[in-house]
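Visitor: I'm passing along target.cif; it holds mmCIF, C-alpha atoms.
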```cif
data_final
#
loop_
_atom_site.label_atom_id
_atom_site.label_comp_id
_atom_site.auth_asym_id
_atom_site.auth_seq_id
_atom_site.Cartn_x
_atom_site.Cartn_y
_atom_site.Cartn_z
CA MET A 22 -29.22 -19.75 0.60
CA SER A 23 -25.78 -20.97 -0.51
CA SER A 24 -22.95 -21.20 1.98
CA LYS A 25 -21.07 -18.52 0.00
CA LYS A 26 -23.93 -16.07 0.29
CA PHE A 27 -24.38 -16.93 3.95
CA ARG A 28 -20.72 -16.26 4.73
CA ALA A 29 -20.84 -13.00 2.84
CA SER A 30 -23.86 -11.86 4.86
CA VAL A 31 -22.23 -12.55 8.21
CA VAL A 32 -20.57 -9.51 9.75
CA GLU A 33 -17.88 -10.37 12.25
CA LYS A 34 -18.27 -8.74 15.63
CA PRO A 35 -15.40 -6.29 16.23
CA LEU A 36 -13.04 -7.15 19.05
CA SER A 37 -13.20 -5.16 22.26
CA ILE A 38 -10.16 -3.23 23.47
CA GLU A 39 -9.53 -5.97 26.02
CA GLU A 40 -9.71 -8.69 23.34
CA GLN A 41 -7.37 -6.72 21.09
CA GLN A 42 -4.86 -6.31 23.91
CA ALA A 43 -5.03 -10.04 24.62
CA LYS A 44 -4.18 -10.75 20.96
CA ILE A 45 -1.30 -8.26 21.09
CA ASN A 46 0.06 -9.90 24.24
CA GLU A 47 -0.21 -13.32 22.59
CA VAL A 48 1.81 -12.17 19.57
CA ARG A 49 4.45 -10.58 21.78
CA LYS A 50 4.78 -13.83 23.70
CA LEU A 51 5.20 -15.77 20.44
CA ILE A 52 7.96 -13.50 19.11
CA SER A 53 9.91 -12.98 22.35
CA PRO A 54 12.89 -12.38 22.71
CA THR A 55 13.08 -10.98 19.14
CA ALA A 56 10.96 -8.04 20.27
CA ASP A 57 13.85 -6.57 22.26
CA LYS A 58 15.93 -6.02 19.10
CA LEU A 59 13.46 -3.65 17.38
CA PRO A 60 11.24 -2.19 20.15
CA ALA A 61 9.20 0.12 17.89
CA LEU A 62 8.38 -2.68 15.44
CA PHE A 63 7.02 -4.76 18.30
CA SER A 64 5.16 -1.97 20.10
CA ASP A 65 1.46 -2.42 20.86
CA ALA A 66 0.47 -0.08 18.03
CA SER A 67 2.69 -1.83 15.49
CA ILE A 68 1.57 -5.33 16.48
CA SER A 69 -2.01 -4.09 16.28
CA ARG A 70 -1.48 -3.01 12.65
CA TYR A 71 -0.11 -6.43 11.70
CA LEU A 72 -3.00 -8.14 13.49
CA ARG A 73 -5.56 -5.96 11.69
CA ALA A 74 -3.87 -6.76 8.37
CA ARG A 75 -4.31 -10.45 9.14
CA ASN A 76 -7.83 -10.17 10.56
CA TRP A 77 -6.55 -10.65 14.12
CA ASN A 78 -5.06 -14.07 13.35
CA THR A 79 -2.11 -14.21 15.78
CA LYS A 80 -0.12 -16.88 13.93
CA LYS A 81 -0.37 -15.07 10.58
CA ALA A 82 0.46 -11.72 12.19
CA CYS A 83 3.43 -13.29 13.95
CA LYS A 84 4.72 -14.74 10.69
CA MET A 85 4.32 -11.38 8.99
CA LEU A 86 6.14 -9.55 11.80
CA LYS A 87 9.04 -12.00 11.68
CA GLU A 88 9.37 -11.46 7.92
CA THR A 89 9.38 -7.69 8.40
CA PHE A 90 11.93 -8.04 11.19
CA LYS A 91 14.22 -10.00 8.88
CA TRP A 92 13.69 -7.48 6.07
CA ARG A 93 14.43 -4.48 8.29
CA MET A 94 17.57 -6.11 9.73
CA GLU A 95 18.88 -6.86 6.22
CA TYR A 96 17.59 -3.88 4.20
CA LYS A 97 18.00 -1.31 7.03
CA PRO A 98 15.40 1.12 5.59
CA GLU A 99 15.85 3.62 8.43
CA LYS A 100 19.49 4.13 7.42
CA ILE A 101 18.76 5.22 3.85
CA CYS A 102 19.64 8.92 3.65
CA TRP A 103 18.85 11.65 1.14
CA ASP A 104 22.24 11.50 -0.58
CA ASP A 105 21.66 7.80 -1.29
CA ILE A 106 18.53 8.48 -3.35
CA ALA A 107 18.73 12.18 -4.34
CA ARG A 108 19.19 11.32 -8.02
CA GLU A 109 15.90 9.38 -8.01
CA ALA A 110 14.10 12.43 -6.57
CA GLU A 111 15.20 15.03 -9.10
CA THR A 112 12.02 15.07 -11.20
CA GLY A 113 9.60 15.10 -8.26
CA LYS A 114 8.21 11.67 -9.11
CA ILE A 115 7.60 11.05 -5.39
CA TYR A 116 7.70 13.56 -2.56
CA ARG A 117 6.07 14.26 0.78
CA SER A 118 3.82 17.30 0.63
CA ASN A 119 4.20 20.06 3.23
CA TYR A 120 0.56 19.69 4.31
CA LEU A 121 -1.60 16.95 5.84
CA ASP A 122 -5.00 15.83 4.62
CA ASN A 123 -8.16 16.71 6.55
CA TYR A 124 -7.73 13.60 8.71
CA GLY A 125 -4.19 14.46 9.78
CA ARG A 126 -2.47 12.00 7.46
CA THR A 127 0.83 12.65 5.72
CA VAL A 128 0.53 12.93 1.94
CA LEU A 129 2.89 11.35 -0.58
CA VAL A 130 2.54 12.89 -4.03
CA MET A 131 3.45 10.50 -6.83
CA ARG A 132 3.93 11.29 -10.51
CA PRO A 133 4.78 8.06 -12.36
CA GLY A 134 4.91 9.99 -15.65
CA LEU A 135 8.09 11.67 -14.37
CA GLN A 136 10.01 8.42 -13.95
CA ASN A 137 13.72 9.12 -14.47
CA SER A 138 15.29 5.75 -13.72
CA ASN A 139 15.39 2.26 -15.19
CA SER A 140 16.79 0.79 -12.01
CA THR A 141 14.23 -1.27 -10.09
CA THR A 142 16.58 -1.29 -7.10
CA GLY A 143 16.91 2.49 -7.14
CA GLN A 144 13.18 3.08 -7.55
CA ILE A 145 12.29 0.75 -4.68
CA LYS A 146 14.98 2.21 -2.45
CA TYR A 147 13.56 5.70 -3.00
CA LEU A 148 10.01 4.47 -2.35
CA VAL A 149 11.13 2.91 0.96
CA TYR A 150 12.91 6.16 1.90
CA CYS A 151 9.69 8.09 1.22
CA MET A 152 7.62 5.61 3.23
CA GLU A 153 9.97 5.88 6.21
CA ASN A 154 9.92 9.66 5.97
CA ALA A 155 6.13 9.79 5.71
CA VAL A 156 5.74 7.55 8.77
CA MET A 157 8.29 9.58 10.75
CA ASN A 158 6.29 12.75 10.05
CA LEU A 159 2.90 11.39 11.12
CA PRO A 160 1.32 13.57 13.82
CA PRO A 161 0.52 12.10 17.26
CA GLY A 162 -2.41 9.70 17.14
CA GLN A 163 -2.26 9.09 13.38
CA GLU A 164 -0.89 5.92 11.77
CA GLN A 165 -1.78 6.25 8.10
CA MET A 166 -0.82 8.20 5.02
CA VAL A 167 -2.41 9.18 1.70
CA TRP A 168 -0.97 8.53 -1.74
CA LEU A 169 -1.92 11.24 -4.24
CA ILE A 170 -1.02 9.92 -7.69
CA ASP A 171 -0.98 12.31 -10.67
CA PHE A 172 -1.08 10.52 -14.02
CA GLN A 173 -0.12 13.48 -16.20
CA GLY A 174 2.46 12.30 -18.70
CA TRP A 175 1.83 8.63 -17.91
CA ASN A 176 1.85 6.22 -20.88
CA LYS A 177 2.56 2.59 -21.69
CA SER A 178 6.31 3.15 -21.42
CA SER A 179 5.76 4.06 -17.75
CA ILE A 180 4.55 0.54 -16.98
CA SER A 181 6.86 -1.75 -15.03
CA VAL A 182 5.15 -4.87 -13.76
CA LYS A 183 8.25 -5.75 -11.74
CA VAL A 184 8.30 -2.41 -9.91
CA THR A 185 4.53 -2.54 -9.40
CA ARG A 186 4.71 -6.01 -7.87
CA GLU A 187 7.62 -5.06 -5.62
CA THR A 188 5.83 -1.88 -4.53
CA ALA A 189 2.71 -3.85 -3.61
CA HIS A 190 4.80 -6.45 -1.78
CA ILE A 191 6.61 -3.85 0.34
CA LEU A 192 3.49 -1.84 1.09
CA GLN A 193 1.34 -4.81 2.08
CA ASN A 194 3.94 -6.94 3.87
CA HIS A 195 6.19 -4.39 5.57
CA TYR A 196 3.94 -1.34 6.02
CA PRO A 197 0.54 -2.92 6.78
CA GLU A 198 -2.32 -0.58 7.57
CA ARG A 199 -0.15 2.44 6.74
CA LEU A 200 -2.05 3.36 3.57
CA GLY A 201 -5.29 5.12 4.38
CA ARG A 202 -6.29 6.24 0.89
CA ALA A 203 -4.82 6.24 -2.62
CA ILE A 204 -6.13 8.79 -5.12
CA PHE A 205 -5.60 7.98 -8.79
CA TYR A 206 -5.94 11.42 -10.39
CA ASN A 207 -6.80 11.61 -14.09
CA PRO A 208 -5.55 8.15 -15.10
CA PRO A 209 -5.69 7.69 -18.91
CA LYS A 210 -8.00 5.13 -20.49
CA ILE A 211 -5.11 2.75 -21.14
CA PHE A 212 -4.38 2.60 -17.39
CA GLU A 213 -7.75 0.93 -16.82
CA SER A 214 -6.48 -2.23 -18.54
CA PHE A 215 -3.28 -2.17 -16.49
CA TRP A 216 -5.27 -1.71 -13.26
CA SER A 217 -7.55 -4.63 -14.16
CA MET A 218 -4.46 -6.79 -14.53
CA VAL A 219 -2.82 -5.63 -11.29
CA LYS A 220 -5.84 -5.41 -8.98
CA PRO A 221 -6.26 -9.19 -8.46
CA PHE A 222 -2.70 -9.33 -7.11
CA LEU A 223 -3.52 -6.82 -4.38
CA GLU A 224 -5.12 -7.70 -1.09
CA SER A 225 -8.76 -6.64 -1.12
CA LYS A 226 -8.12 -4.33 1.85
CA THR A 227 -5.57 -2.45 -0.24
CA SER A 228 -7.54 -2.20 -3.49
CA LYS A 229 -10.59 -0.90 -1.62
CA LYS A 230 -8.59 2.13 -0.52
CA VAL A 231 -8.22 3.33 -4.12
CA LYS A 232 -10.31 6.19 -5.49
CA PHE A 233 -10.35 7.19 -9.15
CA VAL A 234 -10.78 10.98 -9.52
CA TYR A 235 -11.14 12.93 -12.76
CA SER A 236 -10.83 16.71 -13.10
CA ASP A 237 -13.72 16.83 -15.59
CA ASP A 238 -16.04 14.82 -13.32
CA PRO A 239 -17.58 17.11 -10.64
CA GLU A 240 -18.90 14.13 -8.68
CA SER A 241 -15.51 12.41 -8.33
CA GLN A 242 -13.85 15.79 -7.77
CA LYS A 243 -15.83 16.15 -4.53
CA VAL A 244 -13.46 13.59 -3.04
CA MET A 245 -10.64 16.15 -3.17
CA GLY A 246 -12.67 18.72 -1.25
CA GLU A 247 -13.52 16.12 1.38
CA LEU A 248 -9.92 15.00 1.85
CA PHE A 249 -7.89 18.19 1.43
CA ASP A 250 -7.76 21.88 2.26
CA MET A 251 -8.15 23.30 -1.24
CA GLU A 252 -6.06 26.35 -0.33
CA LYS A 253 -3.09 24.06 0.34
CA LEU A 254 -3.73 21.45 -2.36
CA GLU A 255 -1.66 21.92 -5.54
CA SER A 256 -3.46 23.33 -8.57
CA ALA A 257 -2.49 20.18 -10.49
CA PHE A 258 -5.05 18.35 -8.32
CA GLY A 259 -7.76 21.01 -8.53
CA GLY A 260 -6.55 22.99 -5.52
CA ARG A 261 -5.66 26.68 -5.27
CA ASN A 262 -1.96 26.34 -4.43
CA PRO A 263 0.05 27.25 -7.56
CA LYS A 264 3.38 26.17 -6.10
CA GLY A 265 4.83 22.96 -7.46
CA PHE A 266 7.76 20.73 -6.57
CA ASP A 267 11.04 22.54 -5.87
CA TYR A 268 13.96 20.11 -5.81
CA LYS A 269 16.38 22.40 -3.96
CA GLU A 270 13.87 23.29 -1.28
CA TYR A 271 12.80 19.67 -0.89
CA SER A 272 16.42 18.54 -0.57
CA GLU A 273 16.87 20.88 2.39
CA ARG A 274 13.72 19.52 4.05
CA MET A 275 14.85 15.93 3.61
CA ARG A 276 18.34 16.59 4.94
CA GLU A 277 16.78 18.07 8.06
CA ASP A 278 14.62 14.97 8.39
CA ASP A 279 17.70 12.77 7.95
CA LYS A 280 19.19 14.45 11.03
CA LYS A 281 16.05 13.59 13.02
CA MET A 282 16.28 9.98 11.90
CA SER A 283 20.01 9.86 12.67
CA ASP A 284 19.43 11.24 16.17
CA PHE A 285 16.82 8.56 16.75
CA ILE A 286 19.11 5.76 15.62
CA ASN A 287 21.94 7.09 17.77
CA SER A 288 19.62 7.00 20.75
CA GLY A 289 19.80 3.20 20.60
CA TYR A 290 16.84 2.27 18.44
CA SER A 291 16.87 1.14 14.82
CA THR A 292 13.41 1.55 13.44
CA THR A 293 11.00 4.32 12.47
CA PRO A 294 10.57 7.01 15.16
CA SER A 295 6.85 7.46 14.63
CA HIS A 296 4.35 8.11 17.37
CA GLN A 297 3.05 4.80 18.68
CA PRO A 298 -0.52 5.20 19.95
CA SER A 299 -2.09 2.62 22.19
CA THR A 300 -4.97 0.47 20.95
CA SER A 301 -7.37 2.98 22.50
CA ASP A 302 -5.67 5.99 20.89
CA HIS A 303 -7.75 6.89 17.83
CA ALA A 304 -7.04 9.77 15.48
CA SER A 305 -9.65 11.34 13.25
CA GLU A 306 -10.57 8.62 10.78
CA GLU A 307 -11.97 8.81 7.27
CA PRO A 308 -15.33 7.01 7.08
CA SER A 309 -14.88 3.46 5.82
CA ASP A 310 -16.08 2.85 2.29
CA ALA A 311 -16.68 -0.73 1.21
CA THR A 312 -17.01 0.42 -2.40
CA SER A 313 -14.22 2.97 -2.36
CA SER A 314 -12.52 1.55 -5.42
CA SER A 315 -14.55 3.17 -8.16
CA SER A 316 -12.22 1.88 -10.82
CA PRO A 317 -13.10 -0.32 -13.78
CA SER A 318 -14.16 -3.77 -12.60
CA SER A 319 -11.57 -6.50 -12.50
CA PRO A 320 -11.71 -9.17 -15.23
CA TYR A 321 -11.69 -11.71 -12.40
CA SER A 322 -14.75 -10.39 -10.60
CA SER A 323 -17.40 -12.86 -11.78
CA SER A 324 -18.54 -15.69 -9.52
CA SER A 325 -16.99 -18.31 -11.79
CA ASP A 326 -13.64 -16.51 -11.71
CA LYS A 327 -13.70 -16.31 -7.93
CA GLU A 328 -14.05 -20.09 -7.87
CA CYS A 329 -11.16 -20.33 -10.31
CA TYR A 330 -9.00 -18.02 -8.18
CA PRO A 331 -10.11 -18.98 -4.66
CA LYS A 332 -7.17 -17.29 -2.94
CA LEU A 333 -7.31 -13.89 -4.62
CA GLU A 334 -9.54 -12.56 -1.86
CA GLY A 335 -9.70 -13.30 1.81
CA THR A 336 -6.36 -15.09 2.13
CA GLU A 337 -4.25 -12.20 3.34
CA ASP A 338 -0.92 -14.05 3.68
CA TYR A 339 -1.00 -15.27 0.09
CA THR A 340 2.05 -13.79 -1.70
CA LEU A 341 1.97 -11.96 -5.03
CA ASP A 342 4.09 -14.61 -6.72
CA GLU A 343 1.76 -17.36 -5.49
CA LYS A 344 -1.23 -15.40 -6.80
CA ILE A 345 0.39 -14.95 -10.17
CA GLN A 346 1.28 -18.65 -10.39
CA ASP A 347 -2.28 -19.55 -9.43
CA GLN A 348 -3.58 -17.33 -12.22
CA ILE A 349 -1.24 -18.97 -14.72
CA ARG A 350 -2.30 -22.47 -13.60
CA CYS A 351 -5.95 -21.48 -13.79
CA LYS A 352 -5.53 -20.05 -17.29
CA ASP A 353 -3.72 -23.23 -18.35
CA SER A 354 -6.58 -25.28 -16.89
CA GLU A 355 -9.11 -23.22 -18.82
CA LYS A 356 -7.07 -23.75 -21.99
CA ASP A 357 -6.96 -27.53 -21.41
CA VAL A 358 -10.73 -27.64 -20.90
CA THR A 359 -11.31 -25.62 -24.07
CA GLU A 360 -9.00 -27.85 -26.12
CA ALA A 361 -10.64 -30.99 -24.73
CA HIS A 362 -14.04 -29.62 -25.61
CA GLU A 363 -12.91 -28.80 -29.15
CA THR A 364 -11.52 -32.35 -29.52
CA ASP A 365 -14.83 -33.85 -28.40
CA VAL A 366 -16.73 -31.70 -30.88
CA THR A 367 -14.37 -32.74 -33.69
CA GLN A 368 -14.77 -36.41 -32.85
CA MET A 369 -18.55 -36.09 -32.75
CA SER A 370 -18.55 -34.43 -36.14
CA HIS A 371 -16.81 -37.51 -37.55
#
```
Kindly transcribe the structure held in the file into structure tokens.
Guide:
Amino acid sequence: MSSKKFRASVVEKPLSIEEQQAKINEVRKLISPTADKLPALFSDASISRYLRARNWNTKKACKMLKETFKWRMEYKPEKICWDDIAREAETGKIYRSNYLDNYGRTVLVMRPGLQNSNSTTGQIKYLVYCMENAVMNLPPGQEQMVWLIDFQGWNKSSISVKVTRETAHILQNHYPERLGRAIFYNPPKIFESFWSMVKPFLESKTSKKVKFVYSDDPESQKVMGELFDMEKLESAFGGRNPKGFDYKEYSERMREDDKKMSDFINSGYSTTPSHQPSTSDHASEEPSDATSSSSPSSPYSSSSDKECYPKLEGTEDYTLDEKIQDQIRCKDSEKDVTEAHETDVTQMSH
């Protein structure tokens, strides 16, 4: 048996609550006294999420937390208010639904086909606002959200690699373990090629949370019934709720939420006022699914490609830009080998 196969067959023993707490305490010791500046970011529950994202490696989790701390101090995501991003929200391209999924997770509905802005800065700012709002509205005991992505109206002109990369960077590096499930609903055939290109740049933990669902496929449609109350789910996703996005009504909801956020900030804190469960506080969880990404296979999924791109999986602190550069270098290497081989063949023919 090869060492690769042996490593793949080994299942790491999960840490006990006591071991998890020891790791949390170790991280807090490493980042002190920074922890006093953003108490919620350095709570037990938050540190636990960063540790889980880095497979309980304290040094990597500490590095990740410090980067998020710097980002939050500079970007100040909790201070973005509705009036700052209202223009971005007009078409309903992203909004928080008024219902939870069957596991008590907040639901962000996304419609990339309704993109109404060419500004990467504006799009990312609105995404961050929605993430903060979704986290703030999590019920007690729940830490994750669901992304419900409707591809109606999506086409090649909707593609922005820059926005996609920045979205992945923010989600994975500053909101680790916040995404519980992403539903890609009725993606067109052309999206499969785009997904194959993007997937290698995502951490494997993130890509495994994606489910492809098609309205004309009864088997994949079962996922919607398992995750949502069909009476509340919008008809656009196969549910029985005919009501769609209402900008005026949503604006009122968000302004009310802005007041909640403002009250929290004025209380002396400066991060997301979400419930912070202890490491032993578990909400209802969706069963884990190692093969949850039922999307087209990645072009880099063969054993030879994994050797070519050794850091695409399993190295969780590897940045998107580093991954992209590695891919470019690998492709250049393949090109050099091919050209060398062609030269040898030419010389032999002479």
Visitor: Give the answer as one residue: which of A:Lys220, A:Ala257, A:Ser214, A:Asp104 has the shortest atom-to-atom distance to Tyr235 (chain A), using only C-alpha atoms?
Guide: A:Ala257
Visitor: With distances taken over all atoms listed in the file, which residue among A:Phe222, A:Phe215, A:Tyr116, A:Trp92 lies nearest Arg186 (chain A)?
Guide: A:Phe222
Visitor: Please report, as lines of an AutoDock Vina configuration file, the centre and edge lengths in Å to one decimal of an axis-aligned box covering all listed atoms of region 240-249 of chain A with 3 Å per side.
Guide:
```
center_x = -13.4
center_y = 15.6
center_z = -3.4
size_x = 17.0
size_y = 12.3
size_z = 16.5
```
Visitor: With the file shown as input, list the residues that the PyMOL selection byres ((chain A and resi 123) around 12) selects, as a list in words.
Guide: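 Output of the PyMOL selection byres ((chain A and resi 123) around 12): Tyr120, Leu121, Asp122, Tyr124, Gly125, Arg126, Thr127, Val128, Gln163, Met166, Val167, Val244, Met245, Gly246, Glu247, Leu248, Phe249, Asp250, Met251, Lys253, Leu254, Ala304, Ser305, Glu306 and Glu307 of chain A.
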Visitor: Quick one: which region 135-193 of chain A residues come within 12 Å of region 80-89 of chain A, and what is the nearest atom pair for each with the distance in Å to one decimal, counting all atoms listed in the file, rows ordered by chain and ascending number, as a tab-separated table?
Guide:
```
residue	atom	partner	partner_atom	distance
A:His190	CA	A:Thr89	CA	11.2
A:Ile191	CA	A:Thr89	CA	9.3
A:Leu192	CA	A:Thr89	CA	11.1
A:Gln193	CA	A:Met85	CA	10.0
```
Visitor: Interatomic distance between CA of Val184 (chain A) and CA of Lys146 (chain A)?
Guide: 11.0 Å
Visitor: Show which residues sit within 10 Å of region 170-175 of chain A, as a PyMOL selection string. Count only C-alpha atoms, and ignore same-chain residues fewer than 5 positions away.
Guide: chain A and resi 114-115+129-136+180+203-209+211-212+233-234+257-258
